[in-house]
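**Student:** My questions all concern the structure below.
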Amino acid sequence: MTARRTRLAILISGRGSNMAALIYASRAEDCPYEPVLVTGNKPNAAGLALAEAEGVTTAKLDGKAKDFWEKLDETLRAHKVEMIALAGFMRIIPDDFISRWDGRIVNIHPSLLPKYKGVGTHQAALDAGDAVTGATVHMVIPELDSGEVLGQVEVAIMPGDSADSLAERVLIAEHQLYPRVLSDYLGRALDPDWISEEVGRRALALPETMYKTSHGAPAWRVGSPSSGKFFAIMWMRHHGEESVGLLVKCSGQEEMAQLIEADGDLYFRPQYYGPSNWIGIRLDRPDTDWDHVHQWLQRSWLECAPARLAKLHKVAAEF
Ligand code: GRF
């Protein structure tokens, strides 16, 4: 089963060799992302011409314009971008932009983070007399070069290395690391088996729960083996439709309509479930908020748990 591909934007400021590596890797059939846009803050960046030659849509934005970040945000949304890869993008990103794309921006940095944040990494490694340096792919958070590390590769420092010779070798390593780490990260997030395991781990951590399939789909029940009730059901590519989600119980049709109205990309009304209280939460997104999923599982558990269990839970919650 091939999962759908995450729509990726690549942001550059210069030659875009990491961008090229990401594009070429995406030619593989099983690559979990698709570069749908290359843009950045320099309308003349060499990488833009290369992206165009490779048939990837580009947007030439003026990084000096006052409304640059607004325009960038609009452009990304117009192309339905789901994930952003920074590849030699030389602008500090404002906090409000990062929070709008929270959990959906990755970067490659030419050092073994947390060592040597910012610029001048190769000279810093040489000055420190390090035996190895390398490259890091990490999530982007407001604090510079400090988000969760997704993957690293080491590069040996050789006698006689200069900052330039080292940069050249580290770049070779970067080109291999970036597509691999991004693919692993996105592939996992969109893999139905991985998603289902994540849900299962959380569902089974709740009291008196058990696994049982429902019409062939992985599902979880609460209560005794004979009279337990389903409180969570995986929704997997129902009737050929490409989607992975989780069905949980909400309070009723009114709440369901409100949630879908408020966030129609996340919530859906499961087909074939009639006027039941099952609401669908999409899980095949690169930025699934698992704490949020967890809260829904707890809520649904409470809704379906036998009175004696639910009562205990409520008493415990009061302390
Ligand atoms: C790379 O060394 C990358 O690690 C850093 O900026 C450089 C960009 O090079 N963030 P390129 O434009 O990808 O060729």
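Each chain in the structure tokens gets a letter, A, B, ..., in the order shown, and its residues are numbered from 1; ligands are numbered from 1 in order too.
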Kindly work out which residues sit at most 7 Å from ligand 1, using only C-alpha atoms and all ligand atoms, and give the list as a list of chain:residue names.

**Tutor:**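 So the residues close to ligand 1 are A:Ile12, A:Ser13, A:Gly14, A:Arg15, A:Gly16, A:Ser17, A:Asn18, A:Met19, A:Ala87, A:Gly88, A:Phe89, A:Ile108, A:His109, A:Pro110, A:Ala135, A:Ala167, A:Leu171, A:Glu174.
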
**Student:** Could you list, as a ChimeraX atom specification, every residue within 7 Å of stretch 287-300 of chain A, counting only C-alpha atoms and ignoring same-chain residues fewer than 4 positions away?

**Tutor:** /A:103-104,202-203,231-232,248-250,283,304

**Student:** Do you know which residues are at most 9 Å from A:Gln152 counting only C-alpha atoms, after dropping those on the same chain fewer than 4 positions away, and could you put them as a ChimeraX atom specification?

**Tutor:** /A:111-113,134-138,177,181

**Student:** What's the separation between atom CA of A:Leu76 and atom CA of A:Thr39, in Å to one decimal place?

**Tutor:**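 According to the coordinates, atom CA of A:Leu76 and atom CA of A:Thr39 are separated by 9.1 Å.
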